[in-house]
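What follows is the content of start_27.cif, which has mmCIF, C-alpha atoms and all ligand atoms:
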data_data
#
loop_
_atom_site.label_atom_id
_atom_site.label_comp_id
_atom_site.auth_asym_id
_atom_site.auth_seq_id
_atom_site.Cartn_x
_atom_site.Cartn_y
_atom_site.Cartn_z
CA MET A 74 55.20 38.52 1.76
CA ASN A 75 56.84 41.02 -0.57
CA SER A 76 60.59 41.32 -0.09
CA GLN A 77 63.75 41.33 -2.18
CA PRO A 78 65.22 37.88 -3.01
CA GLN A 79 67.46 36.47 -0.31
CA PRO A 80 70.66 34.52 -1.08
CA PRO A 81 70.32 30.76 -0.58
CA ALA A 82 72.11 28.92 2.25
CA GLN A 83 75.92 28.93 1.91
CA SER A 84 76.17 25.14 1.59
CA GLN A 85 74.30 25.00 -1.75
CA ALA A 86 76.29 25.59 -4.95
CA ILE A 87 75.08 28.61 -6.88
CA VAL A 88 74.22 27.58 -10.43
CA LEU A 89 73.04 30.93 -11.69
CA ALA A 90 73.58 34.42 -10.30
CA CYS A 91 71.98 37.58 -11.57
CA GLU A 92 73.52 40.75 -10.15
CA ASN A 93 71.90 44.16 -10.37
CA VAL A 94 70.63 43.62 -13.91
CA TYR A 95 69.13 46.51 -15.85
CA LYS A 96 67.72 46.24 -19.36
CA SER A 97 66.34 49.06 -21.47
CA TYR A 98 65.06 49.06 -25.02
CA GLN A 99 65.22 52.01 -27.36
CA GLN A 100 61.71 52.73 -28.66
CA GLY A 101 61.97 55.63 -31.08
CA PRO A 102 63.30 58.57 -29.07
CA GLU A 103 62.33 56.91 -25.76
CA GLN A 104 64.23 54.47 -23.55
CA LEU A 105 61.94 51.79 -22.15
CA ALA A 106 63.42 50.63 -18.82
CA VAL A 107 62.18 47.03 -18.45
CA LEU A 108 64.53 45.53 -15.82
CA GLN A 109 65.64 47.92 -13.09
CA GLY A 110 68.06 46.18 -10.75
CA VAL A 111 67.20 42.48 -10.71
CA ASN A 112 69.08 40.30 -8.22
CA LEU A 113 68.66 36.55 -8.07
CA GLN A 114 70.70 33.58 -6.94
CA VAL A 115 69.65 30.10 -7.94
CA ALA A 116 71.11 27.19 -6.00
CA ALA A 117 71.51 23.65 -7.33
CA GLY A 118 68.18 21.88 -7.08
CA GLU A 119 66.06 25.00 -6.61
CA MET A 120 62.80 25.29 -8.54
CA LEU A 121 61.63 28.86 -9.08
CA ALA A 122 58.64 30.42 -10.75
CA ILE A 123 58.58 33.97 -12.03
CA VAL A 124 55.12 35.46 -12.45
CA GLY A 125 54.03 38.96 -13.42
CA ALA A 126 51.69 40.96 -15.59
CA SER A 127 51.93 40.81 -19.37
CA GLY A 128 54.69 43.19 -20.46
CA SER A 129 56.38 43.27 -17.04
CA GLY A 130 59.60 41.88 -18.55
CA LYS A 131 59.53 38.15 -17.76
CA SER A 132 60.72 36.99 -21.19
CA THR A 133 63.30 39.77 -21.23
CA LEU A 134 64.63 38.51 -17.90
CA LEU A 135 64.65 34.89 -19.07
CA ASN A 136 66.68 35.93 -22.12
CA MET A 137 69.23 37.61 -19.82
CA LEU A 138 69.37 34.59 -17.48
CA GLY A 139 70.07 32.31 -20.44
CA GLY A 140 72.68 34.60 -22.00
CA LEU A 141 70.57 35.01 -25.15
CA ASP A 142 70.79 38.75 -24.68
CA LEU A 143 73.12 40.86 -22.52
CA PRO A 144 72.00 43.32 -19.82
CA SER A 145 72.37 47.07 -20.33
CA GLN A 146 74.03 47.00 -16.87
CA GLY A 147 74.85 44.26 -14.34
CA SER A 148 75.79 40.66 -14.97
CA VAL A 149 74.50 37.10 -15.16
CA SER A 150 76.85 34.23 -14.29
CA ILE A 151 76.49 30.50 -14.80
CA SER A 152 78.59 28.43 -12.41
CA GLY A 153 80.65 31.53 -11.67
CA GLN A 154 81.28 32.46 -15.32
CA SER A 155 79.79 35.81 -16.38
CA PHE A 156 78.21 36.00 -19.84
CA ASN A 157 79.56 39.58 -20.08
CA ASP A 158 83.12 38.29 -20.38
CA LEU A 159 82.41 35.92 -23.26
CA SER A 160 82.08 36.11 -27.04
CA GLU A 161 78.80 35.00 -28.61
CA THR A 162 80.33 31.61 -29.49
CA GLN A 163 81.59 31.14 -25.93
CA ARG A 164 78.16 32.09 -24.57
CA GLY A 165 76.65 29.42 -26.79
CA PHE A 166 79.10 26.86 -25.45
CA LEU A 167 78.36 27.82 -21.82
CA ARG A 168 74.62 27.47 -22.53
CA GLN A 169 75.12 24.10 -24.20
CA GLN A 170 77.12 22.83 -21.21
CA HIS A 171 74.86 23.98 -18.41
CA LEU A 172 71.42 25.10 -19.56
CA GLY A 173 68.26 23.75 -21.12
CA PHE A 174 65.62 26.03 -22.69
CA VAL A 175 61.95 25.82 -23.45
CA TYR A 176 60.83 28.93 -25.33
CA GLN A 177 57.28 30.08 -26.01
CA PHE A 178 57.90 29.46 -29.71
CA HIS A 179 59.50 26.10 -29.65
CA HIS A 180 62.17 26.60 -32.32
CA LEU A 181 62.02 22.96 -33.38
CA LEU A 182 63.80 22.13 -36.63
CA GLY A 183 61.01 21.67 -39.17
CA GLU A 184 62.76 19.22 -41.48
CA PHE A 185 63.63 16.79 -38.67
CA SER A 186 61.47 14.26 -36.82
CA ALA A 187 60.57 14.57 -33.13
CA LEU A 188 63.19 11.92 -32.37
CA GLU A 189 65.89 13.76 -34.34
CA ASN A 190 65.01 17.08 -32.71
CA VAL A 191 65.39 15.61 -29.23
CA ALA A 192 68.55 13.64 -30.13
CA MET A 193 70.22 16.74 -31.63
CA PRO A 194 71.65 18.29 -28.40
CA LEU A 195 73.06 14.88 -27.43
CA LEU A 196 74.74 14.51 -30.82
CA LEU A 197 76.22 18.01 -30.46
CA GLY A 198 77.78 16.75 -27.23
CA SER A 199 79.80 13.56 -27.02
CA CYS A 200 76.99 11.01 -27.35
CA SER A 201 77.05 8.18 -29.90
CA ALA A 202 74.19 8.04 -32.42
CA LYS A 203 72.84 4.85 -30.83
CA GLN A 204 72.92 6.24 -27.30
CA ALA A 205 71.35 9.54 -28.46
CA LYS A 206 68.49 7.64 -30.12
CA THR A 207 67.85 5.52 -27.01
CA GLN A 208 67.89 8.52 -24.67
CA ALA A 209 65.75 10.69 -26.97
CA THR A 210 63.20 7.87 -27.31
CA ASP A 211 63.07 7.50 -23.52
CA PHE A 212 62.42 11.22 -22.99
CA LEU A 213 59.78 11.36 -25.73
CA GLN A 214 58.04 8.42 -24.08
CA ARG A 215 58.17 10.23 -20.76
CA VAL A 216 56.33 13.23 -22.22
CA GLY A 217 53.75 10.87 -23.74
CA LEU A 218 54.99 10.97 -27.33
CA GLY A 219 56.26 7.41 -27.74
CA GLN A 220 53.83 7.04 -30.67
CA ARG A 221 55.03 10.21 -32.42
CA LEU A 222 58.78 9.60 -32.78
CA GLN A 223 58.90 9.95 -36.57
CA HIS A 224 56.47 12.86 -36.87
CA LYS A 225 57.85 16.19 -38.04
CA PRO A 226 56.86 19.38 -36.15
CA SER A 227 54.29 20.29 -38.85
CA GLU A 228 52.61 16.90 -38.28
CA LEU A 229 52.21 17.49 -34.53
CA SER A 230 49.67 19.51 -32.54
CA GLY A 231 50.75 22.65 -30.66
CA GLY A 232 50.81 20.80 -27.33
CA GLU A 233 52.76 17.92 -28.86
CA ARG A 234 55.35 20.33 -30.28
CA GLN A 235 55.64 21.85 -26.82
CA ARG A 236 56.29 18.43 -25.32
CA VAL A 237 58.99 17.72 -27.94
CA ALA A 238 60.62 21.04 -26.95
CA ILE A 239 60.45 20.05 -23.28
CA ALA A 240 61.99 16.62 -23.98
CA ARG A 241 64.75 18.33 -26.00
CA ALA A 242 65.51 20.75 -23.13
CA LEU A 243 65.67 17.99 -20.52
CA VAL A 244 67.39 15.19 -22.45
CA THR A 245 70.94 16.41 -21.73
CA ALA A 246 70.18 16.64 -17.97
CA PRO A 247 71.36 20.26 -17.78
CA GLN A 248 72.19 21.88 -14.42
CA CYS A 249 69.50 24.48 -14.90
CA VAL A 250 66.44 24.57 -17.17
CA LEU A 251 64.81 27.85 -18.20
CA MET A 252 61.21 27.58 -19.33
CA ASP A 253 58.89 30.22 -20.76
CA GLU A 254 55.25 29.16 -20.24
CA PRO A 255 56.10 25.42 -20.36
CA THR A 256 52.53 24.24 -19.88
CA GLY A 257 50.78 27.08 -21.74
CA ASN A 258 49.19 24.91 -24.46
CA LEU A 259 48.75 21.74 -22.45
CA ASP A 260 45.72 20.16 -20.79
CA GLN A 261 45.88 19.61 -17.03
CA HIS A 262 46.74 15.92 -17.32
CA THR A 263 49.72 16.55 -19.63
CA ALA A 264 50.81 19.55 -17.54
CA ASP A 265 50.83 17.26 -14.49
CA ASP A 266 53.03 14.74 -16.38
CA ILE A 267 55.47 17.52 -17.28
CA HIS A 268 55.61 18.64 -13.68
CA GLN A 269 56.31 15.05 -12.60
CA LEU A 270 59.17 14.77 -15.08
CA MET A 271 60.64 18.04 -13.78
CA ALA A 272 60.30 16.85 -10.17
CA GLU A 273 61.97 13.56 -11.02
CA LEU A 274 64.99 15.25 -12.66
CA ASN A 275 65.13 17.66 -9.76
CA ARG A 276 65.20 14.81 -7.25
CA ASN A 277 67.58 12.53 -9.13
CA LEU A 278 70.00 15.01 -10.68
CA ASP A 279 69.54 18.16 -8.59
CA THR A 280 68.42 20.00 -11.73
CA SER A 281 67.35 23.61 -11.07
CA PHE A 282 64.32 25.03 -12.86
CA ILE A 283 63.38 28.63 -13.54
CA ILE A 284 59.97 28.89 -15.12
CA VAL A 285 58.06 31.91 -16.30
CA THR A 286 54.38 31.19 -16.13
CA HIS A 287 50.86 32.52 -15.80
CA ASP A 288 49.80 29.05 -14.55
CA MET A 289 49.51 29.60 -10.80
CA SER A 290 48.88 25.90 -10.13
CA LEU A 291 52.31 25.15 -11.64
CA ALA A 292 53.96 28.17 -9.96
CA GLN A 293 52.75 27.03 -6.56
CA ARG A 294 54.49 23.68 -6.97
CA MET A 295 57.90 25.40 -7.14
CA ASN A 296 60.11 26.09 -4.07
CA LYS A 297 59.89 29.83 -4.57
CA VAL A 298 57.59 32.15 -6.46
CA TYR A 299 58.86 35.58 -7.48
CA SER A 300 56.81 38.29 -9.07
CA LEU A 301 58.38 40.74 -11.50
CA PHE A 302 56.96 44.15 -10.80
CA GLU A 303 58.29 47.60 -11.76
CA GLY A 304 61.49 46.02 -13.07
CA GLN A 305 62.42 44.14 -9.90
CA LEU A 306 61.85 40.66 -8.48
CA HIS A 307 59.83 40.29 -5.29
CA LEU A 308 59.64 37.03 -3.37
CA GLN A 309 55.97 36.09 -3.07
CA ALA A 310 56.09 32.62 -1.59
CA GLU A 311 58.66 30.12 -0.39
CA VAL A 312 58.25 26.44 0.42
CA SER A 313 61.18 24.92 2.27
N1 LIG B 1 63.38 43.75 -28.57
C1 LIG B 1 62.58 44.66 -28.00
N2 LIG B 1 62.61 45.94 -28.40
C2 LIG B 1 61.83 46.88 -27.82
N3 LIG B 1 60.95 46.62 -26.81
C3 LIG B 1 60.89 45.35 -26.38
C4 LIG B 1 61.68 44.30 -26.94
N4 LIG B 1 61.38 43.14 -26.31
C5 LIG B 1 60.45 43.45 -25.39
N5 LIG B 1 60.14 44.76 -25.43
C6 LIG B 1 59.19 45.47 -24.55
O1 LIG B 1 59.60 45.18 -23.21
C7 LIG B 1 58.47 44.98 -22.37
C8 LIG B 1 58.59 43.62 -21.68
O2 LIG B 1 58.42 42.58 -22.64
P1 LIG B 1 58.48 41.03 -22.24
O3 LIG B 1 58.22 40.25 -23.49
O4 LIG B 1 59.75 40.78 -21.53
O5 LIG B 1 57.26 40.93 -21.22
P2 LIG B 1 56.56 39.64 -20.58
O6 LIG B 1 56.41 39.94 -19.13
O7 LIG B 1 57.32 38.42 -20.95
O8 LIG B 1 55.15 39.66 -21.30
P3 LIG B 1 54.09 38.46 -21.63
O9 LIG B 1 53.63 37.90 -20.30
O10 LIG B 1 53.01 39.19 -22.35
O11 LIG B 1 54.82 37.44 -22.49
C9 LIG B 1 57.24 45.11 -23.25
O12 LIG B 1 56.70 46.40 -23.07
C10 LIG B 1 57.79 44.95 -24.67
O13 LIG B 1 57.05 45.71 -25.58
#

As a first step, turn the structure in this file into structure tokens.
Amino acid sequence: MNSQPQPPAQSQAIVLACENVYKSYQQGPEQLAVLQGVNLQVAAGEMLAIVGASGSGKSTLLNMLGGLDLPSQGSVSISGQSFNDLSETQRGFLRQQHLGFVYQFHHLLGEFSALENVAMPLLLGSCSAKQAKTQATDFLQRVGLGQRLQHKPSELSGGERQRVAIARALVTAPQCVLMDEPTGNLDQHTADDIHQLMAELNRNLDTSFIIVTHDMSLAQRMNKVYSLFEGQLHLQAEVS
């Protein structure tokens, strides 16, 4: 199958909508057209994978979907609110309310422990310190790091840092989680645990996931797999 993305059924709330998004970068005198009319609608509870060759624009697209960067043309909306209409501060607030992120480079805060890193987004919300600690501990245990709560990022392995980043992205139970190569540094057993945690949140809280990955075994566990090719998304597989 190789067709343009179809809108989801009317009954499902649309969490994230990407409309006719173009993104070009200036490289010296040249314009590099990376995204060339991307359309995507993500319903509550959908789990999507985006695959594609290196350099095809997957991270660029993820940055647009998360409002970390703005399209050259077109718009991305979260729960009906377009990032284009917001200031940088407002975009940050919209992200904090609705989205969770796992980046390739985890962006953990080096001077804080694993527990503090995971508790941080809860403390930025309306959570008490005690509640934040309990919830962060629970999520770190779920990603297999119950014995590493007080370790700082520099005292953890690459895969452990990745799991802290995953716990931090999921701990606030966001509506939609964007992940760039979430299982890239993990062994199969740990990758399976991460997938289980995602599936559990998806089942219990209707959390949507958009993951960019080269890991086809993970991609195939999602409801839909899109490939990014020549600047557009193509639906490759769909499991109802
Ligand atoms: N800030 C930037 N300025 C100029 N060019 C950029 C910028 N960011 C990305 N690019 C270019 O855009 C293209 C797409 O990059 P992107 O990182 O989105 O690809 P990708 O599909 O995520 O690749 P990979 O699988 O290797 O991580 C690449 O050719 C890259 O060189």

Quick one: of A:Leu143, A:Ala264, A:Ala106, A:Cys91, who's nearest to ligand LIG 1 (chain B), counting only C-alpha atoms and all ligand atoms?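 Result for the nearest residue to ligand LIG 1 (chain B): A:Ala106.
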
Would you name the residues within 10 Å of ligand LIG 1 (chain B), counting all atoms listed in the file, and put them as a PDB file with C-alpha atoms, keeping the file's coordinate frame?
ATOM      1  CA  LYS A  96      67.720  46.240 -19.360  1.00  0.00           C
ATOM      2  CA  SER A  97      66.340  49.060 -21.470  1.00  0.00           C
ATOM      3  CA  TYR A  98      65.060  49.060 -25.020  1.00  0.00           C
ATOM      4  CA  GLN A  99      65.220  52.010 -27.360  1.00  0.00           C
ATOM      5  CA  GLN A 100      61.710  52.730 -28.660  1.00  0.00           C
ATOM      6  CA  GLY A 101      61.970  55.630 -31.080  1.00  0.00           C
ATOM      7  CA  GLN A 104      64.230  54.470 -23.550  1.00  0.00           C
ATOM      8  CA  LEU A 105      61.940  51.790 -22.150  1.00  0.00           C
ATOM      9  CA  ALA A 106      63.420  50.630 -18.820  1.00  0.00           C
ATOM     10  CA  VAL A 107      62.180  47.030 -18.450  1.00  0.00           C
ATOM     11  CA  LEU A 108      64.530  45.530 -15.820  1.00  0.00           C
ATOM     12  CA  ILE A 123      58.580  33.970 -12.030  1.00  0.00           C
ATOM     13  CA  VAL A 124      55.120  35.460 -12.450  1.00  0.00           C
ATOM     14  CA  GLY A 125      54.030  38.960 -13.420  1.00  0.00           C
ATOM     15  CA  ALA A 126      51.690  40.960 -15.590  1.00  0.00           C
ATOM     16  CA  SER A 127      51.930  40.810 -19.370  1.00  0.00           C
ATOM     17  CA  GLY A 128      54.690  43.190 -20.460  1.00  0.00           C
ATOM     18  CA  SER A 129      56.380  43.270 -17.040  1.00  0.00           C
ATOM     19  CA  GLY A 130      59.600  41.880 -18.550  1.00  0.00           C
ATOM     20  CA  LYS A 131      59.530  38.150 -17.760  1.00  0.00           C
ATOM     21  CA  SER A 132      60.720  36.990 -21.190  1.00  0.00           C
ATOM     22  CA  THR A 133      63.300  39.770 -21.230  1.00  0.00           C
ATOM     23  CA  LEU A 134      64.630  38.510 -17.900  1.00  0.00           C
ATOM     24  CA  LEU A 135      64.650  34.890 -19.070  1.00  0.00           C
ATOM     25  CA  ASN A 136      66.680  35.930 -22.120  1.00  0.00           C
ATOM     26  CA  ASP A 142      70.790  38.750 -24.680  1.00  0.00           C
ATOM     27  CA  GLN A 177      57.280  30.080 -26.010  1.00  0.00           C
ATOM     28  CA  ASP A 253      58.890  30.220 -20.760  1.00  0.00           C
ATOM     29  CA  GLU A 254      55.250  29.160 -20.240  1.00  0.00           C
ATOM     30  CA  VAL A 285      58.060  31.910 -16.300  1.00  0.00           C
ATOM     31  CA  THR A 286      54.380  31.190 -16.130  1.00  0.00           C
ATOM     32  CA  HIS A 287      50.860  32.520 -15.800  1.00  0.00           C
ATOM     33  CA  LEU A 301      58.380  40.740 -11.500  1.00  0.00           C
ATOM     34  CA  PHE A 302      56.960  44.150 -10.800  1.00  0.00           C
ATOM     35  CA  GLY A 304      61.490  46.020 -13.070  1.00  0.00           C
TER      36      GLY A 304
END

Nearest to Gly118 of chain A, chosen from A:Gln235, A:Gln204, A:Ser230, A:Gln85, with all atoms listed in the file counted in the distances: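 Among the listed residues, A:Gln85 lies closest to Gly118 of chain A.
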
Hey, which of A:Gln170, A:Gln248, A:Asn277, A:Pro144 ends up closest to Asn157 of chain A? Count all atoms listed in the file.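 Among the listed residues, the smallest separation from Asn157 of chain A belongs to A:Pro144.
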
Considering only C-alpha atoms, can you say which of A:Ala90, A:Gly140, A:Val175, A:Glu119 comes closest to Val298 of chain A? A:Glu119

Skipping near chain neighbours, those fewer than 2 positions away, what residues fall within 8 Å of Ala310 of chain A using all atoms listed in the file, listed as a ChimeraX atom specification? /A:74,297-299,308,312

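The environment of Val149 of chain A within 10 Å, counting all atoms listed in the file and disregarding residues fewer than 4 places along the same chain, consists of Leu89, Ala90, Cys91, Glu92, Asn93, Val94, Asn112, Leu113, Gln114, Met137, Leu138, Gly139, Gly140, Leu143, Pro144, Gly153, Gln154, Ser155, Phe156 and Asn157 of chain A.
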
Do a neighbour search on Gly231 of chain A at 12 Å with all atoms listed in the file, toss out local chain neighbours closer than 6 positions, and write the hits as a PyMOL selection string. chain A and resi 177-179+181+237-238+255-260

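Taking atom CA of Lys206 of chain A and atom CA of Pro247 of chain A as endpoints, the distance between them is 17.9 Å.
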
Residue among A:Leu213, A:Leu278, A:Ala272, A:Val244 lying closest to Asn296 of chain A, counting only C-alpha atoms: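 Ranked by minimum distance to Asn296 of chain A, first place goes to A:Ala272.
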
Please indicate the distance in Å from atom CA of Leu121 of chain A to atom CA of Ile283 of chain A, rounded to one decimal place.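 Taking atom CA of Leu121 of chain A and atom CA of Ile283 of chain A, their separation equals 4.8 Å.
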
Sorted by chain and rising residue number, which residues of segment 220-293 of chain A lie within 9 Å of segment 185-200 of chain A, and what are their closest atom pairs and distances in Å to one decimal, counting all atoms listed in the file, as CSV?
residue,atom,partner,partner_atom,distance
A:Arg221,CA,A:Ala187,CA,7.1
A:Leu222,CA,A:Leu188,CA,5.0
A:Gln223,CA,A:Ser186,CA,5.0
A:His224,CA,A:Ser186,CA,5.2
A:Lys225,CA,A:Ser186,CA,4.3
A:Pro226,CA,A:Ala187,CA,6.8
A:Leu229,CA,A:Ala187,CA,9.0
A:Arg234,CA,A:Ala187,CA,8.3
A:Val237,CA,A:Ala187,CA,6.3
A:Ala238,CA,A:Val191,CA,7.6
A:Ile239,CA,A:Val191,CA,8.9
A:Ala240,CA,A:Val191,CA,6.3
A:Arg241,CA,A:Val191,CA,4.3
A:Ala242,CA,A:Val191,CA,8.0
A:Val244,CA,A:Val191,CA,7.1
A:Thr245,CA,A:Leu195,CA,6.3

Of the candidates A:Leu141, A:Leu182, A:Val250, A:Leu218, which one gets nearest to Gln163 of chain A if we count only C-alpha atoms?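 Between A:Leu141, A:Leu182, A:Val250, A:Leu218, the residue approaching Gln163 of chain A most closely is A:Leu141.
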
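Between atom CA of Asp279 of chain A and atom CA of Ala117 of chain A the interatomic distance comes to 6.0 Å.
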